[in-house]
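What follows is a single structure, written as structure tokens, with notes after it.
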Number of protein chains: 2
Amino acid sequence: MNQFEGIHPAIISKLRTPGNFTDEEIIEALSFFDKRDIKRKEFFLRAGDICRAKGYINQGCFRRYTIDDHGKEIIINFAFEEWLIGDLESFNTHKPSIYFVQALEDSEVFCISQENHLQLCKVMPKYQAFHESKAESSHYATLKRLTLFQSKTPEEKYLSLIQKYPQLFQRVPLHYIASYLGIEPESLSRLRKRLSRKEKKS
Amino acid sequence: MNQFEGIHPAIISKLRTPGNFTDEEIIEALSFFDKRDIKRKEFFLRAGDICRAKGYINQGCFRRYTIDDHGKEIIINFAFEEWLIGDLESFNTHKPSIYFVQALEDSEVFCISQENHLQLCKVMPKYQAFHESKAESSHYATLKRLTLFQSKTPEEKYLSLIQKYPQLFQRVPLHYIASYLGIEPESLSRLRKRLSRKEKKS
DNA sequence: CGATTTTTTGAATCATATCAACGTACGTGG
DNA sequence: CCACGTACGTTGATATGATTCAAAAAATCG
């Protein structure tokens, strides 16, 4: 169908449509990336390390989490095909990250180092704009998610999540989702039971 | 002490120190701003409107909030001297905002319109860098606040807030703080009572 | 298959939400 | 300057849902 077919389809479609890149630009941009295989449970980034590369997921699934004062894992988010992984703050400031980014499945990621990223931004302003607009919209999304957390009950948060990302539940263990929702696994289990009873009645 | 004394001290100090602007640059940059007085309870921005200006608070205090599906106000944040107000998302995308930004005291704000902002970014790259780095660090702060919300009890959130912004409690009604913390005013009242009892014992 | 991970269930406890009511403080207009 | 009304904060009673600790059941991985 096209010259990229079978090579790295996910990243291509992302650059082509929202980024509005031409095929020539895509080829050039991709030459700045390295393909990396990351096995289930392996880490793309560990807290304490400086994030020296950004990764676009071509295949697979990751979780980002941090560890609180009591040693408990707090899941910040999940990431799937075509998403960006890493820690932009550490990537940009060159300071150690507080996040772990771990594969939940055997995954394939296209990585771009800090040096290549700067270089590519220089030679291709369109890429820089692409990257900046990603960072911006991520900011807006985070703020909206914060508002959701602030004003909704766990049940409402759960329903909103299942509506927005139904595929999440096929790929991610429930106790991770519980952490993402800010509740205990037991509570999520009971919440789901409650909801399924309600469903039956209606 | 200096040529700006008494004119608009708050914004000056902000540009001088974290922005590393020279006095000449400060004078030039300020010519792109308009001073605006906003009385208590008046709005800098209303949901539904497009945010056409950013404002640096020189004097006063604001709250930003949105209204949820049930008509309830959700307070996103407060802002004081030297802080930026408005809605960056609406400012950048030219889409209607979902936020209200309302003065909690009679206030004085230095405003820069979209046009002047673009112009100033063009003629003074240092200003653009300043603005972008603000936006970035705001993003990182939002993500950290989200993590706090996700993993901490209301009591921990309250303690963390009072530790970080003790001056908040002198200027903002408690029921607004409750909304910011994502709890009901009654719960905040009881939480504070509980804590003051604990304090006495120790 | 065995071991580990994940999910569910039970029981006791605790915190928050809700609805209602009361007291207090504040500021505006008469 | 006082009085009234509105905004703010507190308290009480009750119900609901989340946490915790413990254990068992179910699913998954190697």
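Every chain in the structure tokens has a letter given in the order shown (A, B, ...), and although residue numbers restart at 1 in each chain, ligands are simply numbered from 1 in the order shown.
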
Using only C-alpha atoms, tabulate the residues of chain B lying at most 6 Å from any atom of chain A, each with its closest atom pair and that distance in Å to one decimal, by chain and increasing residue number, as CSV.
residue,atom,partner,partner_atom,distance
B:His139,CA,A:His139,CA,5.3
B:Leu146,CA,A:Leu146,CA,5.4
B:Gln150,CA,A:Gly182,CA,4.6
B:Ser151,CA,A:Gly182,CA,5.7
B:Gly182,CA,A:Gln150,CA,4.6

Restrict the selected residues to C-alpha atoms and save them as a PDB file, in the first residue's frame.
ATOM      1  CA  HIS B 139       2.711  21.643  33.234  1.00  0.00           C
ATOM      2  CA  LEU B 146      -2.442  15.409  40.124  1.00  0.00           C
ATOM      3  CA  GLN B 150      -4.405  10.674  43.427  1.00  0.00           C
ATOM      4  CA  SER B 151      -2.484   9.288  46.344  1.00  0.00           C
ATOM      5  CA  GLY B 182     -12.033  18.439  46.417  1.00  0.00           C
TER       6      GLY B 182
END

Practice prompt. Considering only C-alpha atoms (C1' of nucleotides), extract the chain D residues located within 9 Å of chain B and return them as a PyMOL selection string.
Written response: chain D and resi 8-10

Fill in: Long-range neighbours of segment 159-171 of chain A as number ranges by chain, 9 Å cut-off, only C-alpha atoms (C1' of nucleotides), 2 positions minimum in chain
A: 61, 78, 104-105, 154-157, 173-174, 177, 181

Please produce, as a Markdown table, a per-residue contact table for chain C versus chain A (criterion: any atom at most 12 Å away, only C-alpha atoms (C1' of nucleotides) considered), showing the nearest atom pair and its distance in Å to one decimal, sorted by chain then residue number.
| residue | atom | partner | partner_atom | distance |
| --- | --- | --- | --- | --- |
| C:DT5 | C1' | A:Pro173 | CA | 9.9 |
| C:DT6 | C1' | A:Pro173 | CA | 7.4 |
| C:DT7 | C1' | A:Ser189 | CA | 7.4 |
| C:DT8 | C1' | A:Ser189 | CA | 7.0 |
| C:DT9 | C1' | A:Glu186 | CA | 9.2 |
| C:DG10 | C1' | A:Glu186 | CA | 11.5 |
| C:DT16 | C1' | A:Thr153 | CA | 11.1 |
| C:DA17 | C1' | A:Thr153 | CA | 10.7 |

Worksheet item: In Å, with one decimal, what is the gap from atom CA of Ile50 of chain A to atom CA of Gln114 of chain A?
Response: 10.8 Å

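Between atom CA of Ala141 of chain B and atom CA of Glu115 of chain A the interatomic distance comes to 25.7 Å.
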
Fill in: Atom pair atom CA of Leu195 of chain A / atom C1' of DA15 of chain D: separation (Å)
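Going from atom CA of Leu195 of chain A over to atom C1' of DA15 of chain D, I get 19.0 Å.
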
List the spatial neighbours of DC4 of chain D as a compact mmCIF listing (two decimals) with C-alpha atoms (C1' of nucleotides), in the first residue's frame - criterion: any atom at most 10 Å away, only C-alpha atoms (C1' of nucleotides), same-chain residues fewer than 6 positions off excluded.
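selection19.txt, written as the output of this step:
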# COMPACT_ATOMS: atom_id res chain seq x y z
C1' DT C 28 -24.41 47.88 52.51
C1' DG C 29 -28.15 50.90 52.60
C1' DG C 30 -31.36 53.40 55.25

Item to complete: Using backbone DSSP assignments, extract all strand (DSSP E) residues from segment 106-161 of chain B; output them as number ranges by chain.
Response: B: 107-113

Go ahead and dump the residues you just picked, C-alpha atoms, as a short mmCIF file (atom, residue, chain, number, x, y, z; two decimals), in the first residue's frame.
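The resulting file, out.cif, is reproduced below:
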data_model
loop_
_atom_site.label_atom_id
_atom_site.label_comp_id
_atom_site.auth_asym_id
_atom_site.auth_seq_id
_atom_site.Cartn_x
_atom_site.Cartn_y
_atom_site.Cartn_z
CA SER B 107 -6.80 43.87 42.05
CA GLU B 108 -4.38 45.36 39.61
CA VAL B 109 -3.30 43.35 36.60
CA PHE B 110 -0.89 43.90 33.73
CA CYS B 111 -2.49 42.54 30.60
CA ILE B 112 -1.03 41.58 27.28
CA SER B 113 -3.28 40.92 24.31
#

Fill in: alpha helix (DSSP H) call set, DSSP backbone run, segment 60-125 of chain B, as a VMD selection string
chain B and resid 88 to 93 114 to 123 125

Pairing the C-alpha atoms in order across the whole chain, superpose chain B onto chain A by least squares and write the result as a PDB file with C-alpha atoms, in the first residue's frame.
ATOM      1  CA  MET B   1      -0.210   0.212  -0.156  1.00  0.00           C
ATOM      2  CA  ASN B   2       2.691   2.512   0.647  1.00  0.00           C
ATOM      3  CA  GLN B   3       6.424   2.496   1.005  1.00  0.00           C
ATOM      4  CA  PHE B   4       6.346   2.286   4.824  1.00  0.00           C
ATOM      5  CA  GLU B   5       3.980  -0.653   5.121  1.00  0.00           C
ATOM      6  CA  GLY B   6       5.234  -3.248   7.543  1.00  0.00           C
ATOM      7  CA  ILE B   7       8.139  -1.191   8.752  1.00  0.00           C
ATOM      8  CA  HIS B   8       6.754   0.993  11.495  1.00  0.00           C
ATOM      9  CA  PRO B   9       3.128   1.722  10.716  1.00  0.00           C
ATOM     10  CA  ALA B  10       2.030   3.273  13.979  1.00  0.00           C
ATOM     11  CA  ILE B  11       4.500   6.090  14.099  1.00  0.00           C
ATOM     12  CA  ILE B  12       3.979   6.803  10.412  1.00  0.00           C
ATOM     13  CA  SER B  13       0.272   7.352  10.755  1.00  0.00           C
ATOM     14  CA  LYS B  14       0.862   9.671  13.664  1.00  0.00           C
ATOM     15  CA  LEU B  15       3.294  11.843  11.788  1.00  0.00           C
ATOM     16  CA  ARG B  16       1.221  11.831   8.649  1.00  0.00           C
ATOM     17  CA  THR B  17      -2.126  12.833  10.008  1.00  0.00           C
ATOM     18  CA  PRO B  18      -1.920  15.056  13.061  1.00  0.00           C
ATOM     19  CA  GLY B  19       1.607  16.209  12.158  1.00  0.00           C
ATOM     20  CA  ASN B  20       0.786  16.776   8.494  1.00  0.00           C
ATOM     21  CA  PHE B  21       4.213  15.536   7.398  1.00  0.00           C
ATOM     22  CA  THR B  22       4.966  14.637   3.785  1.00  0.00           C
ATOM     23  CA  ASP B  23       6.389  11.195   3.056  1.00  0.00           C
ATOM     24  CA  GLU B  24       9.810  12.725   2.397  1.00  0.00           C
ATOM     25  CA  GLU B  25       9.730  14.477   5.756  1.00  0.00           C
ATOM     26  CA  ILE B  26       8.676  11.283   7.474  1.00  0.00           C
ATOM     27  CA  ILE B  27      11.634   9.416   6.003  1.00  0.00           C
ATOM     28  CA  GLU B  28      14.017  12.134   7.070  1.00  0.00           C
ATOM     29  CA  ALA B  29      12.557  12.443  10.553  1.00  0.00           C
ATOM     30  CA  LEU B  30      12.634   8.685  11.101  1.00  0.00           C
ATOM     31  CA  SER B  31      16.347   8.576  10.391  1.00  0.00           C
ATOM     32  CA  PHE B  32      16.788  10.344  13.728  1.00  0.00           C
ATOM     33  CA  PHE B  33      15.049   7.517  15.590  1.00  0.00           C
ATOM     34  CA  ASP B  34      16.243   4.123  16.784  1.00  0.00           C
ATOM     35  CA  LYS B  35      14.004   1.120  17.104  1.00  0.00           C
ATOM     36  CA  ARG B  36      14.209  -0.575  20.483  1.00  0.00           C
ATOM     37  CA  ASP B  37      12.590  -3.757  21.761  1.00  0.00           C
ATOM     38  CA  ILE B  38      11.543  -3.726  25.378  1.00  0.00           C
ATOM     39  CA  LYS B  39      10.357  -6.945  26.996  1.00  0.00           C
ATOM     40  CA  ARG B  40       7.507  -7.177  29.461  1.00  0.00           C
ATOM     41  CA  LYS B  41       8.485  -5.850  32.916  1.00  0.00           C
ATOM     42  CA  GLU B  42      11.599  -4.146  31.556  1.00  0.00           C
ATOM     43  CA  PHE B  43      12.037  -0.419  32.067  1.00  0.00           C
ATOM     44  CA  PHE B  44      12.225   2.376  29.538  1.00  0.00           C
ATOM     45  CA  LEU B  45      13.078   4.768  32.374  1.00  0.00           C
ATOM     46  CA  ARG B  46      13.802   4.449  36.078  1.00  0.00           C
ATOM     47  CA  ALA B  47      13.350   7.033  38.822  1.00  0.00           C
ATOM     48  CA  GLY B  48      16.700   8.608  39.619  1.00  0.00           C
ATOM     49  CA  ASP B  49      17.879   8.405  36.034  1.00  0.00           C
ATOM     50  CA  ILE B  50      17.874  11.315  33.642  1.00  0.00           C
ATOM     51  CA  CYS B  51      15.495  10.768  30.770  1.00  0.00           C
ATOM     52  CA  ARG B  52      17.820  10.901  27.772  1.00  0.00           C
ATOM     53  CA  ALA B  53      15.377   9.772  25.124  1.00  0.00           C
ATOM     54  CA  LYS B  54      11.750  10.072  24.170  1.00  0.00           C
ATOM     55  CA  GLY B  55      10.015   7.021  22.808  1.00  0.00           C
ATOM     56  CA  TYR B  56       7.080   6.575  20.448  1.00  0.00           C
ATOM     57  CA  ILE B  57       5.377   3.258  21.051  1.00  0.00           C
ATOM     58  CA  ASN B  58       4.988   1.321  17.844  1.00  0.00           C
ATOM     59  CA  GLN B  59       3.707  -1.800  19.516  1.00  0.00           C
ATOM     60  CA  GLY B  60       2.994  -2.582  23.149  1.00  0.00           C
ATOM     61  CA  CYS B  61       1.934  -0.976  26.365  1.00  0.00           C
ATOM     62  CA  PHE B  62       3.593   0.827  29.280  1.00  0.00           C
ATOM     63  CA  ARG B  63       2.796   2.181  32.679  1.00  0.00           C
ATOM     64  CA  ARG B  64       4.369   5.235  34.272  1.00  0.00           C
ATOM     65  CA  TYR B  65       4.468   5.345  38.041  1.00  0.00           C
ATOM     66  CA  THR B  66       6.204   6.972  40.946  1.00  0.00           C
ATOM     67  CA  ILE B  67       6.769   5.791  44.511  1.00  0.00           C
ATOM     68  CA  ASP B  68       5.380   7.814  47.393  1.00  0.00           C
ATOM     69  CA  ASP B  69       6.792   8.422  50.885  1.00  0.00           C
ATOM     70  CA  HIS B  70       5.327   5.162  52.131  1.00  0.00           C
ATOM     71  CA  GLY B  71       6.910   3.117  49.359  1.00  0.00           C
ATOM     72  CA  LYS B  72       3.637   2.721  47.524  1.00  0.00           C
ATOM     73  CA  GLU B  73       3.478   2.753  43.733  1.00  0.00           C
ATOM     74  CA  ILE B  74       1.280   5.478  42.256  1.00  0.00           C
ATOM     75  CA  ILE B  75       0.384   4.908  38.622  1.00  0.00           C
ATOM     76  CA  ILE B  76       0.443   8.181  36.718  1.00  0.00           C
ATOM     77  CA  ASN B  77      -0.702   6.878  33.363  1.00  0.00           C
ATOM     78  CA  PHE B  78      -0.653   4.130  30.782  1.00  0.00           C
ATOM     79  CA  ALA B  79       0.605   4.431  27.238  1.00  0.00           C
ATOM     80  CA  PHE B  80      -0.210   2.467  24.092  1.00  0.00           C
ATOM     81  CA  GLU B  81       0.602   2.455  20.410  1.00  0.00           C
ATOM     82  CA  GLU B  82       1.413   5.881  18.957  1.00  0.00           C
ATOM     83  CA  TRP B  83       1.863   7.420  22.393  1.00  0.00           C
ATOM     84  CA  LEU B  84       4.929   9.101  23.697  1.00  0.00           C
ATOM     85  CA  ILE B  85       6.796   7.678  26.698  1.00  0.00           C
ATOM     86  CA  GLY B  86       9.503   9.079  28.925  1.00  0.00           C
ATOM     87  CA  ASP B  87       9.531  12.053  31.234  1.00  0.00           C
ATOM     88  CA  LEU B  88       9.427  15.370  29.416  1.00  0.00           C
ATOM     89  CA  GLU B  89      10.420  17.270  32.527  1.00  0.00           C
ATOM     90  CA  SER B  90      13.607  15.283  33.000  1.00  0.00           C
ATOM     91  CA  PHE B  91      14.198  15.228  29.246  1.00  0.00           C
ATOM     92  CA  ASN B  92      14.009  19.003  29.057  1.00  0.00           C
ATOM     93  CA  THR B  93      15.659  19.961  32.340  1.00  0.00           C
ATOM     94  CA  HIS B  94      18.288  17.183  32.423  1.00  0.00           C
ATOM     95  CA  LYS B  95      17.391  16.486  36.021  1.00  0.00           C
ATOM     96  CA  PRO B  96      16.758  12.993  37.448  1.00  0.00           C
ATOM     97  CA  SER B  97      13.263  11.728  36.890  1.00  0.00           C
ATOM     98  CA  ILE B  98      10.900  10.688  39.645  1.00  0.00           C
ATOM     99  CA  TYR B  99       9.091   8.265  37.355  1.00  0.00           C
ATOM    100  CA  PHE B 100       9.431   4.649  36.335  1.00  0.00           C
ATOM    101  CA  VAL B 101       8.277   3.715  32.857  1.00  0.00           C
ATOM    102  CA  GLN B 102       7.805  -0.024  32.568  1.00  0.00           C
ATOM    103  CA  ALA B 103       6.591  -2.257  29.735  1.00  0.00           C
ATOM    104  CA  LEU B 104       3.430  -4.223  30.514  1.00  0.00           C
ATOM    105  CA  GLU B 105       3.808  -6.259  27.307  1.00  0.00           C
ATOM    106  CA  ASP B 106       6.716  -7.071  25.034  1.00  0.00           C
ATOM    107  CA  SER B 107       6.990  -3.782  23.168  1.00  0.00           C
ATOM    108  CA  GLU B 108       8.609  -1.990  20.299  1.00  0.00           C
ATOM    109  CA  VAL B 109       9.536   1.653  20.664  1.00  0.00           C
ATOM    110  CA  PHE B 110      11.047   4.269  18.385  1.00  0.00           C
ATOM    111  CA  CYS B 111      13.480   6.311  20.420  1.00  0.00           C
ATOM    112  CA  ILE B 112      15.001   9.692  19.813  1.00  0.00           C
ATOM    113  CA  SER B 113      17.908  10.892  21.925  1.00  0.00           C
ATOM    114  CA  GLN B 114      18.179  14.413  23.324  1.00  0.00           C
ATOM    115  CA  GLU B 115      20.904  15.237  20.789  1.00  0.00           C
ATOM    116  CA  ASN B 116      18.963  13.912  17.832  1.00  0.00           C
ATOM    117  CA  HIS B 117      15.865  15.612  19.098  1.00  0.00           C
ATOM    118  CA  LEU B 118      17.582  18.995  19.210  1.00  0.00           C
ATOM    119  CA  GLN B 119      19.133  18.381  15.832  1.00  0.00           C
ATOM    120  CA  LEU B 120      15.839  17.348  14.275  1.00  0.00           C
ATOM    121  CA  CYS B 121      14.099  20.384  15.767  1.00  0.00           C
ATOM    122  CA  LYS B 122      16.738  22.520  14.093  1.00  0.00           C
ATOM    123  CA  VAL B 123      16.619  21.006  10.635  1.00  0.00           C
ATOM    124  CA  MET B 124      12.874  20.440  10.627  1.00  0.00           C
ATOM    125  CA  PRO B 125      10.866  23.183  12.343  1.00  0.00           C
ATOM    126  CA  LYS B 126       7.724  21.248  11.560  1.00  0.00           C
ATOM    127  CA  TYR B 127       8.936  18.526  13.912  1.00  0.00           C
ATOM    128  CA  GLN B 128       9.584  21.073  16.627  1.00  0.00           C
ATOM    129  CA  ALA B 129       6.097  22.470  16.205  1.00  0.00           C
ATOM    130  CA  PHE B 130       4.710  18.925  16.314  1.00  0.00           C
ATOM    131  CA  HIS B 131       6.573  18.211  19.512  1.00  0.00           C
ATOM    132  CA  GLU B 132       5.541  21.471  21.158  1.00  0.00           C
ATOM    133  CA  SER B 133       1.899  21.065  20.274  1.00  0.00           C
ATOM    134  CA  LYS B 134       2.004  17.536  21.783  1.00  0.00           C
ATOM    135  CA  ALA B 135       3.450  18.936  24.978  1.00  0.00           C
ATOM    136  CA  GLU B 136       0.813  21.659  25.084  1.00  0.00           C
ATOM    137  CA  SER B 137      -2.156  19.409  24.575  1.00  0.00           C
ATOM    138  CA  SER B 138      -0.737  17.037  27.139  1.00  0.00           C
ATOM    139  CA  HIS B 139      -0.715  19.927  29.575  1.00  0.00           C
ATOM    140  CA  TYR B 140      -4.356  20.759  28.899  1.00  0.00           C
ATOM    141  CA  ALA B 141      -5.328  17.116  29.246  1.00  0.00           C
ATOM    142  CA  THR B 142      -3.524  16.858  32.575  1.00  0.00           C
ATOM    143  CA  LEU B 143      -5.369  19.886  33.897  1.00  0.00           C
ATOM    144  CA  LYS B 144      -8.701  18.399  32.858  1.00  0.00           C
ATOM    145  CA  ARG B 145      -7.824  15.092  34.460  1.00  0.00           C
ATOM    146  CA  LEU B 146      -6.948  16.936  37.643  1.00  0.00           C
ATOM    147  CA  THR B 147     -10.366  18.596  37.609  1.00  0.00           C
ATOM    148  CA  LEU B 148     -11.957  15.198  37.134  1.00  0.00           C
ATOM    149  CA  PHE B 149     -10.065  13.857  40.125  1.00  0.00           C
ATOM    150  CA  GLN B 150     -10.981  16.813  42.215  1.00  0.00           C
ATOM    151  CA  SER B 151     -14.696  16.742  41.654  1.00  0.00           C
ATOM    152  CA  LYS B 152     -15.708  13.166  40.871  1.00  0.00           C
ATOM    153  CA  THR B 153     -16.300  10.103  42.999  1.00  0.00           C
ATOM    154  CA  PRO B 154     -14.248   6.975  42.305  1.00  0.00           C
ATOM    155  CA  GLU B 155     -17.293   5.484  40.598  1.00  0.00           C
ATOM    156  CA  GLU B 156     -17.582   8.460  38.252  1.00  0.00           C
ATOM    157  CA  LYS B 157     -13.858   8.370  37.549  1.00  0.00           C
ATOM    158  CA  TYR B 158     -14.109   4.675  36.756  1.00  0.00           C
ATOM    159  CA  LEU B 159     -17.041   5.170  34.413  1.00  0.00           C
ATOM    160  CA  SER B 160     -15.351   8.040  32.673  1.00  0.00           C
ATOM    161  CA  LEU B 161     -12.226   5.920  32.204  1.00  0.00           C
ATOM    162  CA  ILE B 162     -14.062   2.901  30.850  1.00  0.00           C
ATOM    163  CA  GLN B 163     -15.915   5.141  28.450  1.00  0.00           C
ATOM    164  CA  LYS B 164     -12.797   6.912  27.222  1.00  0.00           C
ATOM    165  CA  TYR B 165     -10.456   3.918  27.079  1.00  0.00           C
ATOM    166  CA  PRO B 166     -12.485   0.703  26.960  1.00  0.00           C
ATOM    167  CA  GLN B 167      -9.494  -1.130  25.451  1.00  0.00           C
ATOM    168  CA  LEU B 168      -7.524  -0.381  28.645  1.00  0.00           C
ATOM    169  CA  PHE B 169      -9.335  -3.125  30.516  1.00  0.00           C
ATOM    170  CA  GLN B 170      -8.289  -5.761  28.025  1.00  0.00           C
ATOM    171  CA  ARG B 171      -4.613  -4.992  28.447  1.00  0.00           C
ATOM    172  CA  VAL B 172      -3.996  -3.773  31.974  1.00  0.00           C
ATOM    173  CA  PRO B 173      -4.507  -5.612  35.313  1.00  0.00           C
ATOM    174  CA  LEU B 174      -7.272  -4.179  37.454  1.00  0.00           C
ATOM    175  CA  HIS B 175      -5.051  -3.389  40.425  1.00  0.00           C
ATOM    176  CA  TYR B 176      -3.036  -1.057  38.198  1.00  0.00           C
ATOM    177  CA  ILE B 177      -6.233   0.643  37.133  1.00  0.00           C
ATOM    178  CA  ALA B 178      -7.172   0.975  40.800  1.00  0.00           C
ATOM    179  CA  SER B 179      -3.898   2.748  41.486  1.00  0.00           C
ATOM    180  CA  TYR B 180      -4.478   5.014  38.497  1.00  0.00           C
ATOM    181  CA  LEU B 181      -7.917   5.852  39.895  1.00  0.00           C
ATOM    182  CA  GLY B 182      -6.460   6.529  43.320  1.00  0.00           C
ATOM    183  CA  ILE B 183      -8.290   3.735  45.133  1.00  0.00           C
ATOM    184  CA  GLU B 184      -7.424   0.317  46.556  1.00  0.00           C
ATOM    185  CA  PRO B 185      -7.858  -2.827  44.455  1.00  0.00           C
ATOM    186  CA  GLU B 186     -10.474  -4.127  46.881  1.00  0.00           C
ATOM    187  CA  SER B 187     -12.523  -0.992  46.408  1.00  0.00           C
ATOM    188  CA  LEU B 188     -12.356  -1.250  42.657  1.00  0.00           C
ATOM    189  CA  SER B 189     -13.509  -4.844  42.864  1.00  0.00           C
ATOM    190  CA  ARG B 190     -16.507  -3.866  44.992  1.00  0.00           C
ATOM    191  CA  LEU B 191     -17.247  -0.862  42.837  1.00  0.00           C
ATOM    192  CA  ARG B 192     -17.391  -3.051  39.749  1.00  0.00           C
ATOM    193  CA  LYS B 193     -19.650  -5.514  41.523  1.00  0.00           C
ATOM    194  CA  ARG B 194     -21.974  -2.714  42.538  1.00  0.00           C
ATOM    195  CA  LEU B 195     -22.126  -1.439  38.976  1.00  0.00           C
ATOM    196  CA  SER B 196     -22.776  -4.862  37.469  1.00  0.00           C
ATOM    197  CA  ARG B 197     -25.681  -5.335  39.851  1.00  0.00           C
ATOM    198  CA  LYS B 198     -27.087  -1.975  38.786  1.00  0.00           C
ATOM    199  CA  GLU B 199     -26.705  -2.983  35.150  1.00  0.00           C
ATOM    200  CA  LYS B 200     -28.693  -6.171  35.603  1.00  0.00           C
ATOM    201  CA  LYS B 201     -31.564  -4.312  37.207  1.00  0.00           C
ATOM    202  CA  SER B 202     -31.902  -1.869  34.327  1.00  0.00           C
TER     203      SER B 202
END
